[in-house]
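J.: What follows is upload.csv; its format and atoms are CSV, C-alpha atoms.
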chain,number,residue,atom,x,y,z
R,984,MET,CA,170.7,182.8,329.3
R,985,SER,CA,174.1,184.5,329.9
R,986,GLY,CA,174.9,182.9,333.3
R,987,THR,CA,177.4,185.7,333.9
R,988,ALA,CA,175.5,187.6,336.5
R,989,ALA,CA,176.5,187.4,340.2
R,990,VAL,CA,175.3,184.4,342.1
R,991,PRO,CA,172.2,185.5,344.0
R,992,THR,CA,171.6,184.5,347.6
R,993,GLU,CA,169.1,181.8,348.4
R,994,THR,CA,167.2,184.4,350.5
R,995,ALA,CA,166.8,186.7,347.4
R,996,VAL,CA,165.5,183.7,345.4
R,997,ARG,CA,163.0,182.8,348.1
R,998,ALA,CA,161.9,186.4,348.3
R,999,THR,CA,161.1,186.4,344.6
R,1000,LEU,CA,159.3,183.1,344.9
R,1001,ALA,CA,157.2,184.6,347.7
R,1002,THR,CA,155.7,187.0,345.1
R,1003,ILE,CA,154.2,184.3,342.9
R,1004,PRO,CA,150.5,183.6,343.6
R,1005,ASP,CA,149.0,180.2,343.4
R,1006,PRO,CA,147.0,180.1,340.2
R,1007,GLU,CA,144.0,178.4,341.8
R,1008,LEU,CA,144.2,180.2,345.2
R,1009,PRO,CA,145.7,183.6,344.2
R,1010,VAL,CA,145.3,185.0,347.7
R,1011,VAL,CA,148.2,182.8,348.8
R,1012,SER,CA,151.8,182.6,347.4
R,1013,ILE,CA,153.4,179.3,346.5
R,1014,VAL,CA,155.8,179.9,349.4
R,1015,ASP,CA,153.0,180.4,351.9
R,1016,LEU,CA,151.3,177.3,350.5
R,1017,GLY,CA,154.5,175.4,351.4
R,1018,MET,CA,155.2,174.2,347.9
R,1019,ILE,CA,158.8,175.1,347.8
R,1020,HIS,CA,160.8,172.1,349.0
R,1021,ARG,CA,164.4,173.2,348.2
R,1022,VAL,CA,166.2,176.1,346.7
R,1023,THR,CA,169.8,175.6,345.6
R,1024,VAL,CA,172.0,178.4,344.3
R,1025,ASP,CA,175.5,177.9,343.0
R,1026,ASP,CA,177.8,178.6,340.1
R,1027,SER,CA,175.8,176.4,337.8
R,1028,GLY,CA,172.5,178.2,338.4
R,1029,ILE,CA,169.3,178.2,340.4
R,1030,ARG,CA,167.5,175.0,341.2
R,1031,VAL,CA,164.1,174.9,342.7
R,1032,ALA,CA,162.3,171.7,343.9
R,1033,VAL,CA,158.5,172.1,344.0
R,1034,LEU,CA,156.1,169.8,345.9
R,1035,PRO,CA,152.8,169.4,344.1
R,1036,THR,CA,149.8,169.9,346.4
R,1037,PHE,CA,148.0,167.2,344.5
R,1038,ILE,CA,149.7,164.8,342.1
R,1039,GLY,CA,147.5,165.6,339.2
R,1040,CYS,CA,147.3,169.3,339.8
R,1041,PRO,CA,146.7,170.9,336.4
R,1042,ALA,CA,148.2,174.2,337.6
R,1043,LEU,CA,151.6,172.7,338.2
R,1044,ASP,CA,153.0,173.4,334.7
R,1045,LEU,CA,151.7,177.0,335.1
R,1046,ILE,CA,153.5,177.3,338.5
R,1047,ARG,CA,156.7,175.9,337.1
R,1048,GLY,CA,156.5,178.4,334.2
R,1049,SER,CA,155.8,181.3,336.7
R,1050,ILE,CA,158.9,180.3,338.7
R,1051,ALA,CA,161.1,180.2,335.7
R,1052,ALA,CA,159.8,183.5,334.4
R,1053,SER,CA,160.2,185.3,337.8
R,1054,LEU,CA,163.7,184.0,338.4
R,1055,ALA,CA,164.8,185.0,334.9
R,1056,ALA,CA,165.6,188.4,336.4
R,1057,PHE,CA,168.6,186.9,338.1
R,1058,ASP,CA,170.0,186.1,334.7
R,1059,ARG,CA,171.2,182.6,335.7
R,1060,PRO,CA,170.2,179.2,334.4
R,1061,VAL,CA,167.1,178.1,336.2
R,1062,ASP,CA,165.9,174.5,336.7
R,1063,VAL,CA,162.5,173.8,338.3
R,1064,GLU,CA,161.9,170.2,339.2
R,1065,THR,CA,158.8,168.4,340.7
R,1066,SER,CA,159.6,166.4,343.8
R,1067,PHE,CA,157.8,163.7,345.8
R,1068,GLU,CA,160.8,163.3,348.1
R,1069,ILE,CA,158.6,164.4,350.9
R,1070,PRO,CA,154.8,164.7,350.5
R,1071,TRP,CA,153.2,168.1,350.4
R,1072,THR,CA,150.9,168.1,353.4
R,1073,SER,CA,148.3,170.7,354.3
R,1074,ASP,CA,150.2,171.6,357.5
R,1075,ARG,CA,152.9,173.1,355.3
R,1076,ILE,CA,150.7,176.1,354.8
R,1077,SER,CA,152.1,179.1,356.8
R,1078,GLU,CA,150.1,181.1,359.4
R,1079,THR,CA,150.0,184.0,356.9
R,1080,GLY,CA,148.6,181.6,354.2
R,1081,ARG,CA,146.0,180.2,356.6
R,1082,ARG,CA,144.8,183.7,357.5
R,1083,ALA,CA,144.7,184.8,353.8
R,1084,LEU,CA,142.6,181.8,352.9
R,1085,ALA,CA,140.1,182.4,355.7
R,1086,ALA,CA,139.8,186.0,354.7
R,1087,ALA,CA,138.9,184.9,351.2
R,1088,GLY,CA,136.2,182.6,352.6
R,1089,ILE,CA,138.1,179.3,352.3
R,1090,ALA,CA,138.5,177.4,355.5
R,1091,PRO,CA,142.1,176.5,356.1
R,1092,PRO,CA,142.7,172.7,356.2
R,1093,SER,CA,141.9,170.8,359.3
R,1094,GLU,CA,140.4,167.4,359.9
R,1095,PRO,CA,136.9,167.2,358.4
R,1096,ALA,CA,135.3,167.2,361.9
R,1097,ASP,CA,137.2,170.3,363.0
R,1098,VAL,CA,136.3,172.6,360.0
R,1099,ARG,CA,135.0,176.0,361.1
R,1100,CYS,CA,133.0,178.5,359.0
R,1101,PRO,CA,135.4,181.0,357.6
R,1102,TRP,CA,132.7,183.7,357.8
R,1103,CYS,CA,131.3,183.3,361.3
R,1104,ALA,CA,133.7,180.7,362.9
R,1105,SER,CA,130.7,178.5,363.7
R,1106,ALA,CA,131.4,174.8,364.2
R,1107,GLN,CA,127.8,174.0,363.0
R,1108,VAL,CA,128.9,173.1,359.5
R,1109,VAL,CA,128.2,170.2,357.2
R,1110,MET,CA,130.3,168.8,354.4
R,1111,ASP,CA,128.2,168.9,351.2
R,1112,SER,CA,130.8,167.1,349.2
R,1113,ALA,CA,134.4,166.0,349.7
R,1114,PHE,CA,135.1,167.3,346.2
R,1115,GLY,CA,135.0,170.9,345.1
R,1116,PRO,CA,136.0,173.2,342.2
R,1117,THR,CA,139.6,172.2,342.4
R,1118,GLN,CA,141.3,169.0,343.5
R,1119,CYS,CA,142.4,170.6,346.8
R,1120,ARG,CA,139.0,171.8,348.0
R,1121,SER,CA,135.8,170.4,349.6
R,1122,LEU,CA,132.3,172.0,349.7
R,1123,TYR,CA,130.7,172.9,353.1
R,1124,TYR,CA,127.6,174.7,354.3
R,1125,CYS,CA,127.4,176.7,357.5
R,1126,ARG,CA,124.1,176.1,359.5
R,1127,THR,CA,124.7,179.2,361.6
R,1128,CYS,CA,125.2,182.0,359.0
R,1129,ARG,CA,123.6,179.9,356.2
R,1130,GLN,CA,126.5,180.4,353.8
R,1131,PRO,CA,128.1,177.9,351.6
R,1132,PHE,CA,131.9,177.9,351.7
R,1133,GLU,CA,134.9,175.9,350.7
R,1134,ALA,CA,137.6,174.2,352.8
R,1135,LEU,CA,141.0,173.1,351.8
R,1136,LYS,CA,141.3,169.3,352.0
R,1137,SER,CA,143.5,168.0,354.8
R,1138,VAL,CA,146.1,165.8,353.2
J,1404,MET,CA,168.0,155.0,347.5
J,1405,THR,CA,168.5,151.2,347.6
J,1406,THR,CA,171.9,149.8,346.8
J,1407,LEU,CA,170.4,146.5,345.5
J,1408,ALA,CA,170.2,145.9,341.8
J,1409,LEU,CA,166.7,146.9,340.7
J,1410,PRO,CA,164.6,144.1,339.3
J,1411,THR,CA,163.7,146.2,336.2
J,1412,LEU,CA,161.4,143.7,334.5
J,1413,ALA,CA,159.4,143.1,337.7
J,1414,LEU,CA,159.2,146.8,338.3
J,1415,ASP,CA,158.0,147.4,334.8
J,1416,GLY,CA,155.2,144.9,335.4
J,1417,LEU,CA,154.2,146.5,338.7
J,1418,LEU,CA,154.3,150.1,337.5
J,1419,ARG,CA,152.4,149.2,334.3
J,1420,SER,CA,149.7,147.4,336.2
J,1421,MET,CA,149.2,150.3,338.7
J,1422,ALA,CA,149.4,153.0,336.0
J,1423,ASP,CA,147.0,151.2,333.7
J,1424,ASP,CA,144.5,150.6,336.6
J,1425,GLU,CA,144.5,154.3,337.6
J,1426,PHE,CA,144.3,155.4,333.9
J,1427,VAL,CA,141.4,153.1,333.0
J,1428,VAL,CA,139.4,153.8,336.2
J,1429,GLY,CA,140.0,157.5,335.9
J,1430,PHE,CA,139.0,157.6,332.2
J,1431,THR,CA,135.9,155.4,332.8
J,1432,ASP,CA,134.7,157.6,335.7
J,1433,SER,CA,135.4,160.8,333.8
J,1434,GLU,CA,132.6,159.6,331.4
J,1435,TRP,CA,130.2,160.8,334.2
J,1436,THR,CA,131.3,164.4,333.8
J,1437,GLY,CA,128.1,166.3,332.9
J,1438,ILE,CA,125.7,163.4,333.4
J,1439,ALA,CA,126.1,162.4,337.1
J,1440,PRO,CA,122.9,162.1,339.1
J,1441,LEU,CA,123.7,165.2,341.3
J,1442,LEU,CA,125.7,168.4,340.7
J,1443,GLU,CA,127.9,167.5,343.6
J,1444,GLU,CA,128.6,164.1,342.1
J,1445,ASP,CA,129.3,165.6,338.7
J,1446,ILE,CA,132.0,167.6,340.4
J,1447,ALA,CA,133.1,164.7,342.6
J,1448,MET,CA,133.5,162.3,339.6
J,1449,SER,CA,135.4,164.9,337.6
J,1450,SER,CA,137.7,165.6,340.6
J,1451,LEU,CA,138.3,161.9,341.4
J,1452,SER,CA,139.1,161.2,337.8
J,1453,GLN,CA,141.5,164.1,337.7
J,1454,ASP,CA,143.2,162.6,340.8
J,1455,GLU,CA,143.4,159.1,339.2
J,1456,LEU,CA,144.7,160.4,335.9
J,1457,GLY,CA,147.3,162.4,337.8
J,1458,HIS,CA,148.4,159.2,339.6
J,1459,ALA,CA,148.6,157.4,336.3
J,1460,THR,CA,150.7,160.2,334.7
J,1461,ALA,CA,153.2,160.1,337.6
J,1462,LEU,CA,153.4,156.3,337.5
J,1463,TYR,CA,153.8,156.3,333.7
J,1464,GLY,CA,156.5,158.9,334.3
J,1465,LEU,CA,158.4,156.5,336.6
J,1466,LEU,CA,158.0,153.7,334.1
J,1467,ALA,CA,159.3,155.9,331.3
J,1468,GLU,CA,162.4,156.8,333.4
J,1469,LEU,CA,163.0,153.1,334.1
J,1470,THR,CA,162.5,151.8,330.6
J,1471,GLY,CA,162.8,154.7,328.3
J,1472,GLY,CA,159.9,156.2,326.3
J,1473,ASP,CA,157.6,158.9,327.6
J,1474,ALA,CA,154.4,159.0,329.7
J,1475,ASP,CA,152.1,160.0,326.9
J,1476,GLY,CA,153.4,157.2,324.6
J,1477,LEU,CA,152.9,154.7,327.3
J,1478,ALA,CA,149.3,155.9,328.0
J,1479,TYR,CA,148.2,156.2,324.4
J,1480,ASP,CA,150.4,154.4,321.9
J,1481,ARG,CA,149.8,150.8,322.8
J,1482,GLU,CA,147.3,148.3,321.3
J,1483,PRO,CA,144.4,147.3,323.5
J,1484,ALA,CA,145.9,143.8,324.2
J,1485,ASP,CA,149.0,145.4,325.7
J,1486,TYR,CA,147.3,147.2,328.6
J,1487,ARG,CA,147.7,145.5,332.0
J,1488,HIS,CA,144.8,146.9,334.0
J,1489,ALA,CA,142.7,144.6,336.1
J,1490,ARG,CA,139.7,143.0,334.4
J,1491,LEU,CA,137.5,144.5,337.1
J,1492,LEU,CA,137.8,147.7,335.1
J,1493,ASP,CA,136.5,146.1,331.9
J,1494,HIS,CA,132.8,146.3,332.5
J,1495,GLY,CA,132.0,149.6,330.9
J,1496,ARG,CA,130.7,152.7,332.7
J,1497,GLY,CA,127.4,151.1,333.6
J,1498,ASP,CA,124.8,152.8,335.8
J,1499,TRP,CA,125.5,154.7,339.0
J,1500,ALA,CA,125.3,151.5,341.2
J,1501,LEU,CA,127.8,149.7,339.0
J,1502,THR,CA,130.1,152.7,339.1
J,1503,MET,CA,129.9,152.9,342.9
J,1504,ALA,CA,130.3,149.1,343.3
J,1505,ARG,CA,133.4,149.2,341.0
J,1506,ARG,CA,134.8,152.2,342.8
J,1507,TYR,CA,134.3,150.5,346.2
J,1508,VAL,CA,135.9,147.3,345.1
J,1509,TYR,CA,138.8,149.1,343.3
J,1510,GLU,CA,139.5,151.7,346.0
J,1511,THR,CA,139.5,149.2,348.9
J,1512,ALA,CA,141.8,146.8,346.9
J,1513,ASP,CA,144.1,149.7,345.8
J,1514,ALA,CA,144.4,150.8,349.4
J,1515,VAL,CA,145.6,147.3,350.5
J,1516,ARG,CA,148.1,147.3,347.5
J,1517,LEU,CA,149.4,150.8,348.3
J,1518,GLU,CA,149.9,149.9,352.0
J,1519,ALA,CA,152.2,147.1,350.8
J,1520,LEU,CA,154.3,149.6,348.8
J,1521,VAL,CA,154.4,152.6,351.0
J,1522,GLY,CA,157.5,151.7,353.0
J,1523,GLY,CA,159.3,150.1,350.0
J,1524,ARG,CA,163.0,150.4,349.4
J,1525,TRP,CA,162.8,151.9,345.9
J,1526,SER,CA,162.3,155.5,346.9
J,1527,PRO,CA,160.9,156.9,343.7
J,1528,LEU,CA,157.8,154.6,344.0
J,1529,ALA,CA,157.6,154.6,347.8
J,1530,ASP,CA,157.7,158.5,347.9
J,1531,LEU,CA,155.0,158.7,345.2
J,1532,VAL,CA,152.8,156.1,347.0
J,1533,ALA,CA,153.1,158.1,350.2
J,1534,LYS,CA,151.6,161.0,348.4
J,1535,ILE,CA,148.9,159.0,346.6
J,1536,VAL,CA,147.7,157.4,349.9
J,1537,ARG,CA,146.9,160.9,351.2
J,1538,GLU,CA,144.6,161.7,348.2
J,1539,GLU,CA,143.0,158.3,348.2
J,1540,ARG,CA,141.6,158.9,351.7
J,1541,TYR,CA,139.0,161.2,350.2
J,1542,HIS,CA,138.1,158.7,347.5
J,1543,LEU,CA,137.5,156.1,350.2
J,1544,MET,CA,135.4,158.5,352.2
J,1545,HIS,CA,133.3,159.3,349.2
J,1546,VAL,CA,132.6,155.7,348.0
J,1547,GLU,CA,132.0,154.3,351.5
J,1548,ALA,CA,129.2,156.8,352.0
J,1549,TRP,CA,127.7,155.8,348.6
J,1550,LEU,CA,127.9,152.1,349.4
J,1551,ASP,CA,125.9,152.7,352.6
J,1552,ARG,CA,123.5,155.0,350.8
J,1553,LEU,CA,122.8,152.5,348.0
J,1554,ALA,CA,122.7,149.5,350.3
J,1555,ASN,CA,120.2,151.2,352.7
J,1556,GLY,CA,118.3,153.2,350.2
J,1557,GLY,CA,115.4,150.7,349.7
J,1558,ALA,CA,114.7,147.8,347.4
J,1559,ASP,CA,115.5,149.6,344.2
J,1560,THR,CA,119.0,150.8,345.1
J,1561,HIS,CA,119.8,147.7,347.1
J,1562,GLY,CA,118.8,145.6,344.2
J,1563,ARG,CA,120.9,147.6,341.7
J,1564,LEU,CA,123.9,147.4,344.0
J,1565,THR,CA,123.5,143.7,344.4
J,1566,ALA,CA,123.2,143.2,340.7
J,1567,ALA,CA,126.3,145.3,340.1
J,1568,LEU,CA,128.3,143.3,342.6
J,1569,ALA,CA,127.1,140.1,341.0
J,1570,GLU,CA,128.3,141.3,337.6
J,1571,LEU,CA,131.7,142.5,339.0
J,1572,GLY,CA,132.2,139.6,341.5
J,1573,PRO,CA,134.1,137.1,339.4
J,1574,ASP,CA,136.5,139.9,338.4
J,1575,ALA,CA,136.6,141.7,341.7
J,1576,GLY,CA,139.9,140.2,342.9
J,1577,THR,CA,141.8,140.8,339.7
J,1578,VAL,CA,143.6,143.8,341.1
J,1579,PHE,CA,145.6,141.1,342.9
J,1580,THR,CA,146.6,139.2,339.9
J,1581,PRO,CA,150.1,137.8,340.5
J,1582,LEU,CA,152.7,140.0,338.8
J,1583,PRO,CA,155.5,138.8,336.5
J,1584,ASP,CA,158.5,138.0,338.5
J,1585,GLU,CA,156.8,139.0,341.7
J,1586,PRO,CA,159.3,137.3,344.1
J,1587,ALA,CA,162.0,139.7,342.8
J,1588,LEU,CA,159.9,142.7,344.0
J,1589,ILE,CA,159.6,141.1,347.4
J,1590,ASP,CA,163.3,140.2,347.6
J,1591,ALA,CA,164.2,143.8,346.6
J,1592,GLY,CA,162.0,145.2,349.3
J,1593,VAL,CA,159.7,147.0,346.9
J,1594,LEU,CA,156.6,145.1,347.7
J,1595,ALA,CA,155.9,143.9,351.2
J,1596,ALA,CA,153.9,140.7,350.4
J,1597,PRO,CA,152.7,138.6,347.5
J,1598,MET,CA,149.5,139.7,345.7
J,1599,ARG,CA,147.8,136.5,346.9
J,1600,ASP,CA,148.3,137.5,350.5
J,1601,LEU,CA,147.2,141.0,349.8
J,1602,GLU,CA,144.0,139.6,348.3
J,1603,ASP,CA,143.3,137.7,351.5
J,1604,ARG,CA,143.9,140.8,353.5
J,1605,TRP,CA,141.5,142.7,351.3
J,1606,ARG,CA,138.7,140.1,351.5
J,1607,ALA,CA,139.1,140.1,355.3
J,1608,ALA,CA,138.9,143.9,355.4
J,1609,ILE,CA,135.7,144.3,353.3
J,1610,GLY,CA,133.9,141.2,354.6
J,1611,PRO,CA,132.4,142.8,357.7
J,1612,THR,CA,131.1,145.8,355.7
J,1613,PHE,CA,129.4,143.5,353.2
J,1614,ALA,CA,127.8,141.5,356.0
J,1615,ARG,CA,126.6,144.6,357.8
J,1616,LEU,CA,125.0,145.9,354.6
J,1617,GLY,CA,123.5,142.6,353.6
J,1618,LEU,CA,125.5,142.4,350.4
J,1619,PRO,CA,126.6,139.1,348.8
J,1620,SER,CA,130.2,138.2,349.5
J,1621,ILE,CA,132.8,138.4,346.7
J,1622,PRO,CA,133.2,135.1,344.9
J,1623,PRO,CA,136.5,133.6,344.0
J,1624,THR,CA,138.2,135.1,340.9
J,1625,ILE,CA,137.6,133.3,337.7
J,1626,ASP,CA,140.8,132.5,335.9
J,1627,PRO,CA,142.9,134.4,338.4
J,1628,ASP,CA,146.2,134.3,336.6
J,1629,GLN,CA,144.7,136.0,333.6
J,1630,GLY,CA,143.2,138.9,335.6
J,1631,ARG,CA,145.0,141.6,333.6
J,1632,THR,CA,144.6,140.3,330.0
J,1633,ASP,CA,141.6,139.5,327.7
J,1634,HIS,CA,140.1,142.9,328.1
J,1635,GLY,CA,137.1,142.5,325.8
J,1636,ALA,CA,134.7,144.8,323.9
J,1637,ALA,CA,134.1,147.4,326.6
J,1638,PHE,CA,137.8,148.2,326.8
J,1639,ASP,CA,138.1,148.2,323.0
J,1640,TRP,CA,135.5,150.9,322.9
J,1641,LEU,CA,137.1,152.9,325.8
J,1642,TRP,CA,140.5,152.6,324.1
J,1643,SER,CA,139.1,154.0,320.8
J,1644,GLU,CA,137.7,156.9,322.9
J,1645,PHE,CA,140.9,157.8,324.8
J,1646,THR,CA,143.2,157.4,321.8
J,1647,MET,CA,140.9,159.4,319.4
J,1648,VAL,CA,142.5,162.8,319.9
J,1649,ARG,CA,146.0,161.7,319.8
J,1650,GLY,CA,145.3,159.4,316.8
J,1651,SER,CA,143.8,162.4,314.9
J,1652,ASP,CA,147.2,163.9,314.4
J,1653,VAL,CA,149.9,161.4,315.1
J,1654,GLY,CA,153.2,162.9,316.3
J,1655,ALA,CA,151.7,166.3,317.1
J,1656,THR,CA,152.9,168.2,320.2
J,1657,TRP,CA,150.0,169.1,322.5
Output the file's structure in the form of structure tokens.
T.:
Amino acid sequence: MSGTAAVPTETAVRATLATIPDPELPVVSIVDLGMIHRVTVDDSGIRVAVLPTFIGCPALDLIRGSIAASLAAFDRPVDVETSFEIPWTSDRISETGRRALAAAGIAPPSEPADVRCPWCASAQVVMDSAFGPTQCRSLYYCRTCRQPFEALKSV
Amino acid sequence: MTTLALPTLALDGLLRSMADDEFVVGFTDSEWTGIAPLLEEDIAMSSLSQDELGHATALYGLLAELTGGDADGLAYDREPADYRHARLLDHGRGDWALTMARRYVYETADAVRLEALVGGRWSPLADLVAKIVREERYHLMHVEAWLDRLANGGADTHGRLTAALAELGPDAGTVFTPLPDEPALIDAGVLAAPMRDLEDRWRAAIGPTFARLGLPSIPPTIDPDQGRTDHGAAFDWLWSEFTMVRGSDVGATW
């Protein structure tokens, strides 16, 4: 780590972060998921504070590693910290992120009673299980198009 | 951040009790992975356990920052007698009814405890608790549905649930065992009320549900000041399970 390169702009750092997919929901970037709490750039290096979507998320170390690897291109010291300063909440997901999730067949987060089928938009859906293949997802079934689907938990 | 001096010893006791609770309940419930009664429950128990173990990791992390050491060392390198989880969690995995009864008792008690911590003046814990509460909501939703299902599922399930609650009953209130130097936590604004008061709140909160479902009310705790010690044979076994891998190569980096 030479630390001699020019100080990058925060915008440039954020643009790089926006290219990193979430390992469990690769259709969405970690920026569109709302996981980036703070980016600080100064003479000492680049610091990124990440909000875990779920406290025990097993993908977190992978995400921290991806951030460090992607920002290495700036040739500055990089520090990635996990923060609970504010809780990650599902309404931090951007409109782009919500659309990408729905297109991939995962209902974007909403109160359990307001979940709509991502395939046919029907409200005639039932929650099969509050728990799904990852900590952040629940299992649903659509009575209209008769398809199972997943929904992001509303937290 | 608070400007008051932190009551380190009292915080140690609080964090240790919470972290050990989440760790032991998470590890016990993870024993259902692969053998739960339904596929959905297999997934649910695995996911719930992952949440609880995540909470434990974060709480051990705070404890390690406060007192030195590291989270893994706190989780794995103590003797069984040094764990401070509630005796409620010392009954072994049991059958599905015992598991759901224990989850119900634990989750409802934990919810009351978290509520008393969420606005606390020590921000590292208050911030973490704010996040934990959001996840626990789904745990409560899950176990409340199961309590209803078992209580209303006929003589067999009602009988099993009643037997499970009878077994857990004398230990049910042990989540609220008074903590070492508890007044210091209250004076420092970390904890909103004494554990004894929280226990009253919890009993009042679950009473109507038990009455509606025809379940026996929770008896007083036996030996209430010793609710986080004397863990017994079931925990000795669990401890030997969860320390097995780490013990197989002491000092290895995983």
J.: Hey, list the chain J side of the contact with chain R: 9 Å cut-off, all atoms listed in the file, answer as a ChimeraX atom specification.
T.: /J:1443-1444,1446-1451,1453-1461,1526-1527,1530-1531,1533-1535,1537-1538,1540-1542,1544-1545
J.: Can you pull out the residues contacting R:Leu1008? Cut-off 12 Å, using only C-alpha atoms, and skip same-chain residues under 4 positions away; I want them as a list of chain:residue names.
T.: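 Final neighbour list, sorted by chain and number: R:Ile1003, R:Pro1004, R:Ser1012, R:Ile1013, R:Asp1015, R:Leu1016, R:Thr1036, R:Ala1042, R:Ile1046, R:Gly1080, R:Arg1081, R:Ala1083, R:Leu1084, R:Ala1085, R:Ala1086, R:Ala1087, R:Gly1088, R:Ile1089, R:Pro1091, R:Pro1116, R:Thr1117, R:Gln1118, R:Cys1119, R:Arg1120, R:Glu1133, R:Ala1134, R:Leu1135.
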J.: In Å, with one decimal, what is the gap from atom CA of R:Ile1076 to atom CA of R:Val1011?
T.: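 Computing it gives 9.3 Å between the two atoms.
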J.: Just how far from atom CA of J:Asp1424 is atom CA of J:Arg1506, in Å to one decimal?
T.: 11.6 Å
J.: Residues within 10 Å of R:Arg1021, please, as a count of residues only. Count only C-alpha atoms; anything in the same chain fewer than 4 positions from it doesn't count.
T.: 9
J.: From the options J:Ala1422, J:Ala1607, J:Val1428, J:Val1648, which residue's atoms come nearest to J:Leu1528, counting all atoms listed in the file?
T.: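 Between J:Ala1422, J:Ala1607, J:Val1428, J:Val1648, the residue approaching J:Leu1528 most closely is J:Ala1422.
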